[in-house]
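Notes to accompany the following structure.
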Amino acid sequence: MIKEIAQSYTDEFHRLQWELFPEEKTTPGRVIQITASRFAEGVTTTTLALATSMARTRNSEDVLVVEANLRDPAFHQVLGLGSNGSLARVLEGQEDVWGNIERVEAYGISVLPAGHSPGASVDEDLEPYLQNLGDTLSKLRGKYRYILVDSPPLVPYMDSNIIARVTDGVIFVVEANVTRAQVLDFALRRMQTVEAKILGLVLNKREFRIPNWLYRYL
């Protein structure tokens, strides 16, 4: 599914990657966080499709996706990962980050899956773990040029606020015709409380009433 999405929206993903990672301005180890105001807006799909698109146009060895959604991790299932990589164990100080990165040759990218943090899917306070994310990203910046961070939604958790403090910018995924403006506005204002650099919005699941190629002329 990820490949099909990346191929179906090639032009859109190319424009997005050049906006986020312009070659003349991108310093090594630029980290972009991708989040949403609520669950099920398509953050994981958008993140992985963007990374897959980037791997085709840039050095795929430079592309890394970090699954920082410890609440509802999906990488193992979506990507069919066979091993047991875990950002959770890295943040808990149990393991080194390098041994938990997995190469997904089918998509041409490297990923650091969230793994499972006990109780994280309910109401556990993850702040003690996420406070260590900055140190982990600092190590990753030294090896990877383009780092995308898949993050949980702003409502009802504070996880993405903590993550935003150690990234270079934030992209919001918004589900067309579903996400309420008030909810999105609340999420954006919450992110601004940590002085996050909001780079823009990605409108997901948009329905095209006329052929897609015609929209560029409107």
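Residues are named by chain letter and number: chains run A, B, ... in the order of the structure tokens, numbers start at 1 in each chain, and ligands are numbered from 1 in the order shown.
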
Task: Distance query range 59-62 of chain A at most 9 Å, only C-alpha atoms, self and fewer than 3 positions along chain excluded, as a ChimeraX atom specification - done: /A:29,51-52,54-56,108-110,143-147

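Using only C-alpha atoms, the protein and nucleic acid residues lying no more than 8 Å from range 151-164 of chain A, apart from those fewer than 5 places from it along its own chain, are Gln33, Ile34, Thr35, Ala36, Ser37, Arg38, Phe39, Val43, Glu67, Ala68, Asn69, Leu70, Arg71, Asp72, Leu126, Glu127, Leu130, Gln131, Leu133, Gly169, Val170, Ala187, Arg190, Met191, Val194 and Ala196 of chain A.
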
Can you spit out the residues from that selection as an mmCIF file, in the first residue's frame, using N, CA and C atoms?
data_model
loop_
_atom_site.group_PDB
_atom_site.id
_atom_site.type_symbol
_atom_site.label_atom_id
_atom_site.label_comp_id
_atom_site.auth_asym_id
_atom_site.auth_seq_id
_atom_site.Cartn_x
_atom_site.Cartn_y
_atom_site.Cartn_z
ATOM 1 N N GLN A 33 9.289 16.345 12.139
ATOM 2 C CA GLN A 33 8.246 15.610 12.861
ATOM 3 C C GLN A 33 6.945 15.663 12.069
ATOM 4 N N ILE A 34 6.247 14.529 12.000
ATOM 5 C CA ILE A 34 4.949 14.477 11.331
ATOM 6 C C ILE A 34 3.924 13.999 12.347
ATOM 7 N N THR A 35 2.849 14.773 12.508
ATOM 8 C CA THR A 35 1.848 14.480 13.517
ATOM 9 C C THR A 35 0.474 14.883 13.004
ATOM 10 N N ALA A 36 -0.524 14.816 13.885
ATOM 11 C CA ALA A 36 -1.896 15.186 13.533
ATOM 12 C C ALA A 36 -2.607 15.637 14.797
ATOM 13 N N SER A 37 -3.808 16.129 14.620
ATOM 14 C CA SER A 37 -4.569 16.567 15.787
ATOM 15 C C SER A 37 -5.232 15.414 16.501
ATOM 16 N N ARG A 38 -5.506 14.306 15.771
ATOM 17 C CA ARG A 38 -6.196 13.166 16.358
ATOM 18 C C ARG A 38 -5.741 11.882 15.668
ATOM 19 N N PHE A 39 -6.168 10.755 16.197
ATOM 20 C CA PHE A 39 -5.814 9.474 15.600
ATOM 21 C C PHE A 39 -6.504 9.285 14.245
ATOM 22 N N VAL A 43 -1.060 9.643 9.572
ATOM 23 C CA VAL A 43 0.312 10.088 9.831
ATOM 24 C C VAL A 43 1.325 9.033 9.397
ATOM 25 N N GLU A 67 9.855 5.822 14.433
ATOM 26 C CA GLU A 67 8.476 5.687 14.911
ATOM 27 C C GLU A 67 8.438 6.062 16.390
ATOM 28 N N ALA A 68 8.079 7.324 16.648
ATOM 29 C CA ALA A 68 8.035 7.805 18.031
ATOM 30 C C ALA A 68 6.629 7.729 18.615
ATOM 31 N N ASN A 69 5.732 7.039 17.926
ATOM 32 C CA ASN A 69 4.383 6.824 18.441
ATOM 33 C C ASN A 69 4.399 5.573 19.315
ATOM 34 N N LEU A 70 4.727 5.748 20.582
ATOM 35 C CA LEU A 70 4.789 4.626 21.515
ATOM 36 C C LEU A 70 3.402 4.211 21.994
ATOM 37 N N ARG A 71 2.399 5.038 21.712
ATOM 38 C CA ARG A 71 1.031 4.738 22.138
ATOM 39 C C ARG A 71 0.394 3.648 21.277
ATOM 40 N N ASP A 72 0.590 3.755 19.983
ATOM 41 C CA ASP A 72 -0.073 2.835 19.060
ATOM 42 C C ASP A 72 0.863 2.499 17.900
ATOM 43 N N LEU A 126 4.692 8.936 29.557
ATOM 44 C CA LEU A 126 5.868 8.613 28.750
ATOM 45 C C LEU A 126 6.921 9.710 28.770
ATOM 46 N N GLU A 127 6.646 10.798 29.461
ATOM 47 C CA GLU A 127 7.590 11.920 29.447
ATOM 48 C C GLU A 127 8.993 11.517 29.881
ATOM 49 N N LEU A 130 10.500 9.943 26.752
ATOM 50 C CA LEU A 130 10.626 10.843 25.604
ATOM 51 C C LEU A 130 11.654 11.949 25.851
ATOM 52 N N GLN A 131 11.937 12.246 27.103
ATOM 53 C CA GLN A 131 12.955 13.247 27.399
ATOM 54 C C GLN A 131 14.320 12.803 26.886
ATOM 55 N N LEU A 133 14.739 11.347 23.992
ATOM 56 C CA LEU A 133 14.705 11.289 22.539
ATOM 57 C C LEU A 133 15.711 12.244 21.907
ATOM 58 N N GLY A 169 11.298 20.972 12.776
ATOM 59 C CA GLY A 169 10.060 21.475 12.216
ATOM 60 C C GLY A 169 8.984 20.417 12.285
ATOM 61 N N VAL A 170 7.721 20.856 12.146
ATOM 62 C CA VAL A 170 6.575 19.962 12.306
ATOM 63 C C VAL A 170 5.622 20.103 11.122
ATOM 64 N N ALA A 187 -5.015 21.937 18.417
ATOM 65 C CA ALA A 187 -3.747 21.211 18.325
ATOM 66 C C ALA A 187 -2.604 22.138 17.923
ATOM 67 N N ARG A 190 -1.693 24.314 20.835
ATOM 68 C CA ARG A 190 -0.962 23.536 21.840
ATOM 69 C C ARG A 190 0.489 23.358 21.421
ATOM 70 N N MET A 191 0.732 23.120 20.126
ATOM 71 C CA MET A 191 2.098 22.953 19.650
ATOM 72 C C MET A 191 2.882 24.262 19.749
ATOM 73 N N VAL A 194 5.113 25.237 22.872
ATOM 74 C CA VAL A 194 6.505 24.795 23.023
ATOM 75 C C VAL A 194 7.379 25.406 21.926
ATOM 76 N N ALA A 196 7.164 25.304 18.761
ATOM 77 C CA ALA A 196 7.468 24.415 17.643
ATOM 78 C C ALA A 196 7.414 25.192 16.334
#

- [ ] Would you list the contacts of range 89-98 of chain A as a list in words, taking every protein, DNA or RNA residue within 10 Å and counting only C-alpha atoms, but skipping same-chain residues closer than 6 positions in sequence?
- [x] Leu112, Ala114, Gly115, His116, Ser117, Pro128, Tyr129, Leu130, Gln131, Asn132, Leu133, Gly134, Asp135, Thr136, Leu137, Lys139 and Leu140 of chain A

Limited to N, CA and C atoms, could you put the picked residues into a file as a PDB file, in the first residue's frame?
ATOM      1  N   LEU A 112      13.461   2.966  12.542  1.00  0.00           N
ATOM      2  CA  LEU A 112      13.646   2.657  13.961  1.00  0.00           C
ATOM      3  C   LEU A 112      12.248   2.488  14.546  1.00  0.00           C
ATOM      4  N   ALA A 114       8.978   1.683  16.958  1.00  0.00           N
ATOM      5  CA  ALA A 114       8.709   2.072  18.343  1.00  0.00           C
ATOM      6  C   ALA A 114       8.890   0.915  19.297  1.00  0.00           C
ATOM      7  N   GLY A 115       8.518  -0.297  18.846  1.00  0.00           N
ATOM      8  CA  GLY A 115       8.498  -1.406  19.789  1.00  0.00           C
ATOM      9  C   GLY A 115       7.333  -1.230  20.737  1.00  0.00           C
ATOM     10  N   HIS A 116       7.398  -1.834  21.881  1.00  0.00           N
ATOM     11  CA  HIS A 116       6.297  -1.739  22.836  1.00  0.00           C
ATOM     12  C   HIS A 116       6.812  -1.324  24.199  1.00  0.00           C
ATOM     13  N   SER A 117       6.239  -0.240  24.697  1.00  0.00           N
ATOM     14  CA  SER A 117       6.549   0.201  26.050  1.00  0.00           C
ATOM     15  C   SER A 117       5.395  -0.233  26.946  1.00  0.00           C
ATOM     16  N   PRO A 128       9.166  10.687  30.934  1.00  0.00           N
ATOM     17  CA  PRO A 128      10.536  10.300  31.325  1.00  0.00           C
ATOM     18  C   PRO A 128      11.303   9.627  30.191  1.00  0.00           C
ATOM     19  N   TYR A 129      10.591   8.843  29.349  1.00  0.00           N
ATOM     20  CA  TYR A 129      11.243   8.176  28.230  1.00  0.00           C
ATOM     21  C   TYR A 129      11.513   9.154  27.092  1.00  0.00           C
ATOM     22  N   LEU A 130      10.500   9.943  26.752  1.00  0.00           N
ATOM     23  CA  LEU A 130      10.626  10.843  25.604  1.00  0.00           C
ATOM     24  C   LEU A 130      11.654  11.949  25.851  1.00  0.00           C
ATOM     25  N   GLN A 131      11.937  12.246  27.103  1.00  0.00           N
ATOM     26  CA  GLN A 131      12.955  13.247  27.399  1.00  0.00           C
ATOM     27  C   GLN A 131      14.320  12.803  26.886  1.00  0.00           C
ATOM     28  N   ASN A 132      14.490  11.495  26.678  1.00  0.00           N
ATOM     29  CA  ASN A 132      15.761  10.971  26.172  1.00  0.00           C
ATOM     30  C   ASN A 132      15.826  10.957  24.650  1.00  0.00           C
ATOM     31  N   LEU A 133      14.739  11.347  23.992  1.00  0.00           N
ATOM     32  CA  LEU A 133      14.705  11.289  22.539  1.00  0.00           C
ATOM     33  C   LEU A 133      15.711  12.244  21.907  1.00  0.00           C
ATOM     34  N   GLY A 134      15.933  13.389  22.537  1.00  0.00           N
ATOM     35  CA  GLY A 134      16.884  14.357  21.994  1.00  0.00           C
ATOM     36  C   GLY A 134      18.274  13.777  21.849  1.00  0.00           C
ATOM     37  N   ASP A 135      18.730  13.036  22.847  1.00  0.00           N
ATOM     38  CA  ASP A 135      20.046  12.414  22.786  1.00  0.00           C
ATOM     39  C   ASP A 135      20.104  11.375  21.667  1.00  0.00           C
ATOM     40  N   THR A 136      19.017  10.609  21.509  1.00  0.00           N
ATOM     41  CA  THR A 136      18.973   9.598  20.457  1.00  0.00           C
ATOM     42  C   THR A 136      19.018  10.244  19.082  1.00  0.00           C
ATOM     43  N   LEU A 137      18.240  11.308  18.901  1.00  0.00           N
ATOM     44  CA  LEU A 137      18.235  11.997  17.608  1.00  0.00           C
ATOM     45  C   LEU A 137      19.585  12.635  17.307  1.00  0.00           C
ATOM     46  N   LYS A 139      22.483  11.432  18.019  1.00  0.00           N
ATOM     47  CA  LYS A 139      23.318  10.370  17.459  1.00  0.00           C
ATOM     48  C   LYS A 139      22.932  10.086  16.011  1.00  0.00           C
ATOM     49  N   LEU A 140      21.636  10.034  15.748  1.00  0.00           N
ATOM     50  CA  LEU A 140      21.148   9.700  14.410  1.00  0.00           C
ATOM     51  C   LEU A 140      21.492  10.791  13.399  1.00  0.00           C
TER      52      LEU A 140
END

TODO: Write down as a PyMOL selection string the residues belonging to range 40-156 of chain A that are assigned alpha helix (DSSP H) by DSSP computed on the backbone.
DONE: chain A and resi 43-57+75-79+87-91+127-130+133-141

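Taking CA of Ala49 in chain A and CA of Glu175 in chain A as endpoints, the distance between them is 15.9 Å.
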
Task: Two-atom distance - CA of Glu23 in chain A, CA of Lys3 in chain A (Å) - done: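 So the answer is 24.0 Å.
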
Task: Nearest candidate to Gln77 in chain A (options A:Arg165, A:Leu148, A:Asn177, A:Thr44; using only C-alpha atoms) - done: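 With only C-alpha atoms as the atom set, the closest residue is A:Thr44.
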
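Among the candidates A:Thr46, A:Val66, A:Leu81, A:Arg103, the one nearest to Val173 in chain A when counting only C-alpha atoms is A:Thr46.
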
TODO: Check the smallest atom-to-atom distance from each of A:Val183, A:Val104, A:Leu64, A:Leu50 to His76 in chain A using only C-alpha atoms, then report the winner.
DONE: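 Closest to His76 in chain A, using only C-alpha atoms: A:Val104.
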
- [ ] Check range 23-205 of chain A with DSSP on the backbone and list each residue it calls strand (DSSP E or B), as number ranges by chain.
- [x] A: 30-36, 63-67, 102-104, 109-112, 146-150, 169-175, 198-204

The selected residues should be written to file as a short mmCIF file (atom, residue, chain, number, x, y, z; two decimals), in the first residue's frame (atoms: N, CA and C atoms).
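What follows is the written file part_10.cif:
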data_model
loop_
_atom_site.label_atom_id
_atom_site.label_comp_id
_atom_site.auth_asym_id
_atom_site.auth_seq_id
_atom_site.Cartn_x
_atom_site.Cartn_y
_atom_site.Cartn_z
N ARG A 30 18.82 16.78 9.32
CA ARG A 30 17.61 17.57 9.54
C ARG A 30 16.48 16.63 9.94
N VAL A 31 15.78 16.99 11.03
CA VAL A 31 14.74 16.13 11.59
C VAL A 31 13.38 16.81 11.46
N ILE A 32 12.45 16.14 10.78
CA ILE A 32 11.10 16.66 10.60
C ILE A 32 10.11 15.76 11.30
N GLN A 33 9.29 16.34 12.14
CA GLN A 33 8.25 15.61 12.86
C GLN A 33 6.95 15.66 12.07
N ILE A 34 6.25 14.53 12.00
CA ILE A 34 4.95 14.48 11.33
C ILE A 34 3.92 14.00 12.35
N THR A 35 2.85 14.77 12.51
CA THR A 35 1.85 14.48 13.52
C THR A 35 0.47 14.88 13.00
N ALA A 36 -0.52 14.82 13.88
CA ALA A 36 -1.90 15.19 13.53
C ALA A 36 -2.61 15.64 14.80
N VAL A 63 18.20 8.22 4.39
CA VAL A 63 16.81 8.38 4.83
C VAL A 63 16.51 7.45 6.00
N LEU A 64 16.00 8.01 7.10
CA LEU A 64 15.61 7.22 8.26
C LEU A 64 14.24 7.69 8.76
N VAL A 65 13.40 6.72 9.13
CA VAL A 65 12.11 7.03 9.74
C VAL A 65 12.12 6.51 11.17
N VAL A 66 11.82 7.39 12.12
CA VAL A 66 11.76 7.02 13.54
C VAL A 66 10.29 6.96 13.96
N GLU A 67 9.86 5.82 14.43
CA GLU A 67 8.48 5.69 14.91
C GLU A 67 8.44 6.06 16.39
N GLU A 102 16.40 -0.93 11.52
CA GLU A 102 16.15 -2.00 10.56
C GLU A 102 16.11 -1.44 9.14
N ARG A 103 16.68 -2.19 8.23
CA ARG A 103 16.67 -1.82 6.81
C ARG A 103 15.50 -2.51 6.13
N VAL A 104 14.65 -1.73 5.46
CA VAL A 104 13.51 -2.28 4.75
C VAL A 104 13.79 -2.15 3.26
N ILE A 109 14.34 2.11 2.57
CA ILE A 109 14.52 3.02 3.70
C ILE A 109 15.00 2.25 4.94
N SER A 110 15.47 3.00 5.91
CA SER A 110 15.80 2.44 7.22
C SER A 110 14.79 2.97 8.22
N VAL A 111 14.44 2.14 9.20
CA VAL A 111 13.45 2.55 10.19
C VAL A 111 13.91 2.18 11.58
N LEU A 112 13.46 2.97 12.54
CA LEU A 112 13.65 2.66 13.96
C LEU A 112 12.25 2.49 14.55
N TYR A 146 18.38 12.80 6.31
CA TYR A 146 16.95 13.08 6.29
C TYR A 146 16.25 12.17 7.29
N ILE A 147 15.72 12.74 8.36
CA ILE A 147 15.09 11.97 9.41
C ILE A 147 13.64 12.42 9.57
N LEU A 148 12.71 11.47 9.41
CA LEU A 148 11.29 11.74 9.61
C LEU A 148 10.86 11.06 10.89
N VAL A 149 10.08 11.78 11.72
CA VAL A 149 9.64 11.23 13.00
C VAL A 149 8.12 11.09 13.00
N ASP A 150 7.66 9.86 12.98
CA ASP A 150 6.23 9.55 13.06
C ASP A 150 5.79 9.73 14.51
N GLY A 169 11.30 20.97 12.78
CA GLY A 169 10.06 21.47 12.22
C GLY A 169 8.98 20.42 12.28
N VAL A 170 7.72 20.86 12.15
CA VAL A 170 6.57 19.96 12.31
C VAL A 170 5.62 20.10 11.12
N ILE A 171 5.16 18.96 10.62
CA ILE A 171 4.13 18.91 9.59
C ILE A 171 2.89 18.25 10.19
N PHE A 172 1.73 18.86 9.96
CA PHE A 172 0.46 18.29 10.42
C PHE A 172 -0.24 17.60 9.25
N VAL A 173 -0.73 16.38 9.49
CA VAL A 173 -1.56 15.67 8.52
C VAL A 173 -3.02 15.92 8.91
N VAL A 174 -3.82 16.35 7.95
CA VAL A 174 -5.22 16.69 8.20
C VAL A 174 -6.10 15.88 7.26
N GLU A 175 -7.07 15.15 7.80
CA GLU A 175 -7.96 14.35 6.97
C GLU A 175 -9.06 15.24 6.38
N ILE A 198 6.15 25.18 12.99
CA ILE A 198 5.15 24.50 12.17
C ILE A 198 5.40 24.85 10.70
N LEU A 199 5.71 23.84 9.91
CA LEU A 199 6.11 24.05 8.51
C LEU A 199 4.94 24.02 7.54
N GLY A 200 3.84 23.40 7.94
CA GLY A 200 2.70 23.36 7.04
C GLY A 200 1.78 22.18 7.33
N LEU A 201 0.77 22.03 6.48
CA LEU A 201 -0.23 20.98 6.61
C LEU A 201 -0.26 20.12 5.37
N VAL A 202 -0.53 18.83 5.55
CA VAL A 202 -0.73 17.90 4.44
C VAL A 202 -2.19 17.48 4.47
N LEU A 203 -2.94 17.79 3.40
CA LEU A 203 -4.34 17.42 3.32
C LEU A 203 -4.44 15.99 2.80
N ASN A 204 -4.91 15.10 3.65
CA ASN A 204 -4.93 13.67 3.34
C ASN A 204 -6.36 13.22 2.99
#

Task: Residue among A:Pro113, A:His14, A:Tyr107, A:Gly99 lying closest to Ser86 in chain A, counting only C-alpha atoms - done: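 Closest to Ser86 in chain A, using only C-alpha atoms: A:Pro113.
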
TODO: For CA of Arg180 in chain A and CA of Gln192 in chain A, quote the distance in Å rounded to one decimal.
DONE: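 Between CA of Arg180 in chain A and CA of Gln192 in chain A the gap works out to 18.7 Å.
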